[in-house]
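Working notes, beginning with the structure itself.
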Amino acid sequence: MEKNYYQKELETMEREQLLALQNERLVAQVKHVYEHVPYYRRLMEEKGLVPADIASVDDLHKLPFLTKDDLREAYPDGLLAVPKGDCVRIQSTSGTTGRRVISYYTQHDVDLWDECCARAIIAVGGTNEDVVQVSYGYGLFTGGPGLNGGSHKVGSLTLPMSSGNTDRQLQFMTDLGATILCCTPSYAAYLGESIADRGIKDQIKLKAGIFGAEAWSEEMRRDIEKALGIKAYDIYGLTEISGPGVSFECEEQAGMHINEDHFIPEIIDPETGEVLPYGEKGELVFTCITKEAFPLLRYRTRDITILTDEPCSCGRTHVRMKRPMGRSDDMLIVKGVNVFPSQIEAVLLNEGLSANYQIVVDRVNNSDTIDVMVEMTPELFSDVAGSITAKEKSIVNALKSMLGIYAGVHLVEPRSIVRSEGKAVRVIDKRKI
Amino acid sequence: MTIQQISVFLENKPGTFRNVAAELSKNGVNMRAMSVADTADFGILRMIVDDNEKTKKVLADGGYIYKETEVLAVEVGDTPGSLMRILETLGEAAINLEYMYAFTTKKNDGACLIFRVDDVAKTTQVLSDAGIKLASAEELKEL
Ligand SMILES: [Zn+2]
């Protein structure tokens with residue numbers, strides 16, 4: 001099969017040539033930020049750095065990190081690197097705590113973001129003949145706008161569905177013959193169930209799906225592929241860096257290629273900040289080398305993952321990252337295994353439960369235990385005990401396949417999980433009490 | 001001829017059943033029959049009450065998770081073997097009995113069986129063919 005790329009020259013560039021491009025872009029970007037972002041200039045000055053100290057990617061490690069705390073402190077525009085008049089758009093992300101994050105875009109920034117998403121769509125086989133159903137939320141959330149822009153660049157017919165209203169989603173999917181679906185994996189799974197319930201699978205023309213913005217597992221991928229009769233691909237991104245399309249999967253479905261001509265990735269030890277080699281697990285850090293308005297340097301994503309520079313048979317030369325295992329700041333180590341609340345949440349949502357849950361970690365007889373309390377829902381409740389215990393068992397199995405260890409599941413009464421400022425207290429680690 | 005049973009999700013911790021019962025009684029709901037199914041993790045309170053609408057309102061206001069289900073009721077006399085006859089009839093017709101419970105009636109020192117099956121229509125037919133009479137909601141109140 002003829003391999004397709006959106007920007008072949010950039011996506012399949014020899015590593016050496018790519019590095020030269022990165023060096024050139026990084027040097028210019030550091031200068032741009034130093035001159036236009038007093039906040040970052042001060043961070044550099046605290047380290048005794050001037051732009052001339054950064055001559056290539058080899059010097060990247062010298063630069064100070066930016067964290068979500070910096071974004072909060074610089075809210076709303078302290079990290080903006082161009083006059084507001086040059087910006088054409090903002091996007092925003094709901095911080096779980098504190099202020100929202102606002103990311104600014106010039107037209108150039110929107111274009112490069114859209115191009116990244118176009119690469120992702122073409123990598124899953126998209127062409128101008130395709131009908132791309134974008135069922136991510138639109139608005140401040142980057143999911144909808146990102147894939148929408150990418151689909152336009154490819155020239156596909158774009159269905160800007162946004163999220164929710166399943167009846168309408170399925171009606172457009174069948175009436176317009178959508179071939180590529182973009183949404184969160186849990187919504188894809190839900191659409192799969194709805195299609196089965198309505199018995200309309202023979203009317204579905206989907207061939208591929210691009211799913212991201214939440215944790216999911218390989219088992220979930222297989223379930224979605226089966227339910228929708230498609231190949232399911234991962235996409236990754238974050239508002240701070242641009243949005244979806246920072247990295248995307250190719251037909252190999254073996255990790256996501258990072259668009260390295262725009263974003264330089266590093267993996268660091270989240271405790272020490274030390275840069276780790278390819279193949280080691282750590283926190284993902286990005287440096288934006290082409291963005292104008294909001295060019296974060298060494299931004300700590302808090303996502304834990306692994307990078308690989310092993311060549312990929314698709315011909316793309318950009319390094320690949322694994323699907324993030326979770327957030328560095330809420331990682332738990334249970335029985336020596338890394339456990340992230342986001343993974344547990346994804347399983348619960350996928351099983352039709354609410355996001356009102358609590359994880360209790362304890363140590364009994366020198367052995368770690370992990371238990372998940374989750375609130376019962378009216379849909380799940382049955383007067384027959386066996387059907388509830390069967391559901392509990394299915395959640396236990398899904399958790400086991402996501403986490404690799406056994407976690408107990410306990411259904412509790414609604415509103416019984418302690419909330420703090422409207423949010424459930426997610427983790428109680430009794431080992432620390 | 002089915003009866004609407006109300007079931008309530010109970011967390012497995014002390015006092016949960018007492019709390020629901022107290023709440024219902026305070027609001028003047030009369031429980032005609034009830035049973036609690038227990039697992040290691042949770043309980044299910046199943047009950048036949050005199051006023052379903054009021055009960056549902058009390059439960060909803062209290063934030064409980066509940067459900068209304070169709071169950072069947074059969075009045076069994078004090079003659080030995082009447083329970084066995086019903087069970088055999090259901091067994092022969094391969095009807096899946098999810099659960100059952102009984103309560104004693106004032107009339108004739110008899111008992112009334114409440115049972116939950118997956119196929120209500122078929123069960124009604126099978127019992128009727130076997131000459132076993134189902135009790136209606138109205139009759140249940142008189143027992
Ligand atoms: Zn590849």
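Each chain in the structure tokens gets a letter, A, B, ..., in the order shown, and its residues are numbered from 1; ligands are numbered from 1 in order too.
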
Original post:
Can you list, as a VMD selection string, every residue of stretch 50-94 of chain B that DSSP puts in strand (DSSP E or B)?
Top reply: chain B and resid 66 to 76

**OP:** May I have the residues within 12 Å of A:Arg89 as JSON, numbers by chain, using only C-alpha atoms and disregarding those fewer than 6 positions away in the same chain?
**Re:** {"A": [102, 103, 104, 105, 106, 107, 108, 109, 110, 111, 139, 140, 142, 145, 242, 293, 294]}

Selected residues written out, N, CA, C and O atoms, as an mmCIF file, in the first residue's frame:
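Writing done, so here's out.cif:
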```cif
data_model
loop_
_atom_site.group_PDB
_atom_site.id
_atom_site.type_symbol
_atom_site.label_atom_id
_atom_site.label_comp_id
_atom_site.auth_asym_id
_atom_site.auth_seq_id
_atom_site.Cartn_x
_atom_site.Cartn_y
_atom_site.Cartn_z
ATOM 1 N N ILE A 102 -4.771 29.186 30.233
ATOM 2 C CA ILE A 102 -5.164 29.784 28.961
ATOM 3 C C ILE A 102 -3.980 29.726 28.012
ATOM 4 O O ILE A 102 -2.867 30.113 28.360
ATOM 5 N N SER A 103 -4.225 29.219 26.822
ATOM 6 C CA SER A 103 -3.196 29.137 25.805
ATOM 7 C C SER A 103 -3.596 30.059 24.649
ATOM 8 O O SER A 103 -4.753 30.091 24.262
ATOM 9 N N TYR A 104 -2.633 30.833 24.144
ATOM 10 C CA TYR A 104 -2.904 31.802 23.071
ATOM 11 C C TYR A 104 -2.344 31.296 21.745
ATOM 12 O O TYR A 104 -1.342 30.583 21.724
ATOM 13 N N TYR A 105 -2.970 31.705 20.652
ATOM 14 C CA TYR A 105 -2.541 31.268 19.326
ATOM 15 C C TYR A 105 -2.540 32.443 18.349
ATOM 16 O O TYR A 105 -3.515 33.196 18.294
ATOM 17 N N THR A 106 -1.479 32.556 17.580
ATOM 18 C CA THR A 106 -1.521 33.419 16.400
ATOM 19 C C THR A 106 -2.066 32.549 15.270
ATOM 20 O O THR A 106 -2.236 31.335 15.436
ATOM 21 N N GLN A 107 -2.313 33.136 14.107
ATOM 22 C CA GLN A 107 -2.782 32.323 12.982
ATOM 23 C C GLN A 107 -1.752 31.259 12.624
ATOM 24 O O GLN A 107 -2.092 30.119 12.323
ATOM 25 N N HIS A 108 -0.473 31.639 12.716
ATOM 26 C CA HIS A 108 0.610 30.684 12.466
ATOM 27 C C HIS A 108 0.504 29.497 13.424
ATOM 28 O O HIS A 108 0.677 28.335 13.040
ATOM 29 N N ASP A 109 0.214 29.785 14.698
ATOM 30 C CA ASP A 109 0.119 28.714 15.705
ATOM 31 C C ASP A 109 -1.074 27.793 15.433
ATOM 32 O O ASP A 109 -0.986 26.569 15.589
ATOM 33 N N VAL A 110 -2.209 28.399 15.030
ATOM 34 C CA VAL A 110 -3.385 27.589 14.711
ATOM 35 C C VAL A 110 -3.061 26.686 13.522
ATOM 36 O O VAL A 110 -3.380 25.498 13.512
ATOM 37 N N ASP A 111 -2.367 27.261 12.528
ATOM 38 C CA ASP A 111 -2.036 26.477 11.335
ATOM 39 C C ASP A 111 -1.150 25.288 11.666
ATOM 40 O O ASP A 111 -1.365 24.183 11.185
ATOM 41 N N GLY A 139 -15.228 24.299 21.635
ATOM 42 C CA GLY A 139 -15.237 25.429 22.561
ATOM 43 C C GLY A 139 -13.851 25.645 23.129
ATOM 44 O O GLY A 139 -12.861 25.583 22.401
ATOM 45 N N LEU A 140 -13.783 25.876 24.425
ATOM 46 C CA LEU A 140 -12.476 26.117 25.038
ATOM 47 C C LEU A 140 -11.601 24.879 25.004
ATOM 48 O O LEU A 140 -10.383 24.947 24.923
ATOM 49 N N THR A 142 -9.633 21.784 23.614
ATOM 50 C CA THR A 142 -8.903 21.739 22.348
ATOM 51 C C THR A 142 -9.283 20.566 21.446
ATOM 52 O O THR A 142 -8.963 20.578 20.258
ATOM 53 N N PRO A 145 -11.821 21.600 18.295
ATOM 54 C CA PRO A 145 -11.170 22.516 17.337
ATOM 55 C C PRO A 145 -9.942 21.903 16.658
ATOM 56 O O PRO A 145 -9.719 22.125 15.466
ATOM 57 N N SER A 242 -0.360 22.943 22.685
ATOM 58 C CA SER A 242 -1.178 23.354 21.534
ATOM 59 C C SER A 242 -2.542 22.701 21.657
ATOM 60 O O SER A 242 -3.561 23.382 21.695
ATOM 61 N N ALA A 293 2.863 32.597 19.908
ATOM 62 C CA ALA A 293 2.165 33.310 20.978
ATOM 63 C C ALA A 293 2.448 32.739 22.364
ATOM 64 O O ALA A 293 2.620 33.486 23.327
ATOM 65 N N PHE A 294 2.463 31.419 22.468
ATOM 66 C CA PHE A 294 2.552 30.796 23.782
ATOM 67 C C PHE A 294 3.615 29.693 23.750
ATOM 68 O O PHE A 294 3.310 28.522 23.916
#
```

Original post:
Within 6 Å of ligand 1, counting only C-alpha atoms and all ligand atoms: which residues, as a list in words?
Top reply: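 The neighbouring residues of ligand 1 are, in order, Cys250, Glu252, Cys312, Ser313, Cys314 and Arg316 of chain A.
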
Subject >> Which of B:Lys141, B:Asp119, B:Ser35, B:Asp50 sits closest to B:Met100 [using only C-alpha atoms] >> reply: B:Ser35

Original post:
Within 10 Å of chain A, which residues of chain B show up when using only C-alpha atoms, listed as a ChimeraX atom specification?
Top reply: /B:5-13,16,37-46,63-69,98-99,116

**OP:** Tell me which of B:Val20, B:Met34, B:Ile114, B:Lys26 sits closest to B:Ala137, counting only C-alpha atoms.
**Re:** B:Ile114

Residue neighbourhood A:Ala123, 7 Å, only C-alpha atoms, exclusion window fewer than 3 positions, as a PDB file with N, CA, C and O atoms, in the first residue's frame:
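Just written: selection-v8.pdb:
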```
ATOM      1  N   ASN A   4       1.045   7.200   3.048  1.00  0.00           N
ATOM      2  CA  ASN A   4       0.678   8.597   2.936  1.00  0.00           C
ATOM      3  C   ASN A   4       1.150   9.409   4.128  1.00  0.00           C
ATOM      4  O   ASN A   4       1.111   8.942   5.254  1.00  0.00           O
ATOM      5  N   TYR A   5       1.602  10.591   3.823  1.00  0.00           N
ATOM      6  CA  TYR A   5       2.016  11.532   4.871  1.00  0.00           C
ATOM      7  C   TYR A   5       1.398  12.878   4.519  1.00  0.00           C
ATOM      8  O   TYR A   5       1.181  13.180   3.352  1.00  0.00           O
ATOM      9  N   ARG A 119      -1.673  15.506  10.055  1.00  0.00           N
ATOM     10  CA  ARG A 119      -0.730  14.367  10.001  1.00  0.00           C
ATOM     11  C   ARG A 119      -1.358  13.138  10.655  1.00  0.00           C
ATOM     12  O   ARG A 119      -1.243  12.015  10.170  1.00  0.00           O
ATOM     13  N   ALA A 120      -2.031  13.372  11.812  1.00  0.00           N
ATOM     14  CA  ALA A 120      -2.639  12.265  12.543  1.00  0.00           C
ATOM     15  C   ALA A 120      -3.746  11.610  11.721  1.00  0.00           C
ATOM     16  O   ALA A 120      -3.865  10.381  11.676  1.00  0.00           O
ATOM     17  N   GLY A 126      -6.620   8.604   6.464  1.00  0.00           N
ATOM     18  CA  GLY A 126      -7.566   9.634   6.028  1.00  0.00           C
ATOM     19  C   GLY A 126      -7.176  10.282   4.703  1.00  0.00           C
ATOM     20  O   GLY A 126      -5.989  10.453   4.420  1.00  0.00           O
ATOM     21  N   CYS A 250       0.671   5.890  14.176  1.00  0.00           N
ATOM     22  CA  CYS A 250       0.621   5.523  12.769  1.00  0.00           C
ATOM     23  C   CYS A 250      -0.032   4.141  12.680  1.00  0.00           C
ATOM     24  O   CYS A 250      -0.497   3.612  13.678  1.00  0.00           O
ATOM     25  N   GLU A 251      -0.018   3.538  11.489  1.00  0.00           N
ATOM     26  CA  GLU A 251      -0.710   2.255  11.311  1.00  0.00           C
ATOM     27  C   GLU A 251      -0.114   1.127  12.160  1.00  0.00           C
ATOM     28  O   GLU A 251      -0.735   0.104  12.351  1.00  0.00           O
TER      29      GLU A 251
END
```

**OP:** Show which residues sit within 6 Å of A:Asp362, as a PyMOL selection string. Count only C-alpha atoms, and ignore same-chain residues fewer than 5 positions away.
**Re:** chain A and resi 368-369+430-431

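Here atom CA of A:Ile289 and atom CA of A:Gln29 stand 5.7 Å from one another.
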
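Here atom CA of B:Ala73 is placed at a distance of 5.7 Å from atom CA of B:Leu134.
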
**OP:** Go through A:His257, A:Lys47, A:Arg327, A:Lys201 one by one, measure the shortest atom-to-atom distance of each to A:Ala215 using only C-alpha atoms, and give the residue with the smallest value.
**Re:**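 Smallest distance to A:Ala215 is found for A:Arg327.
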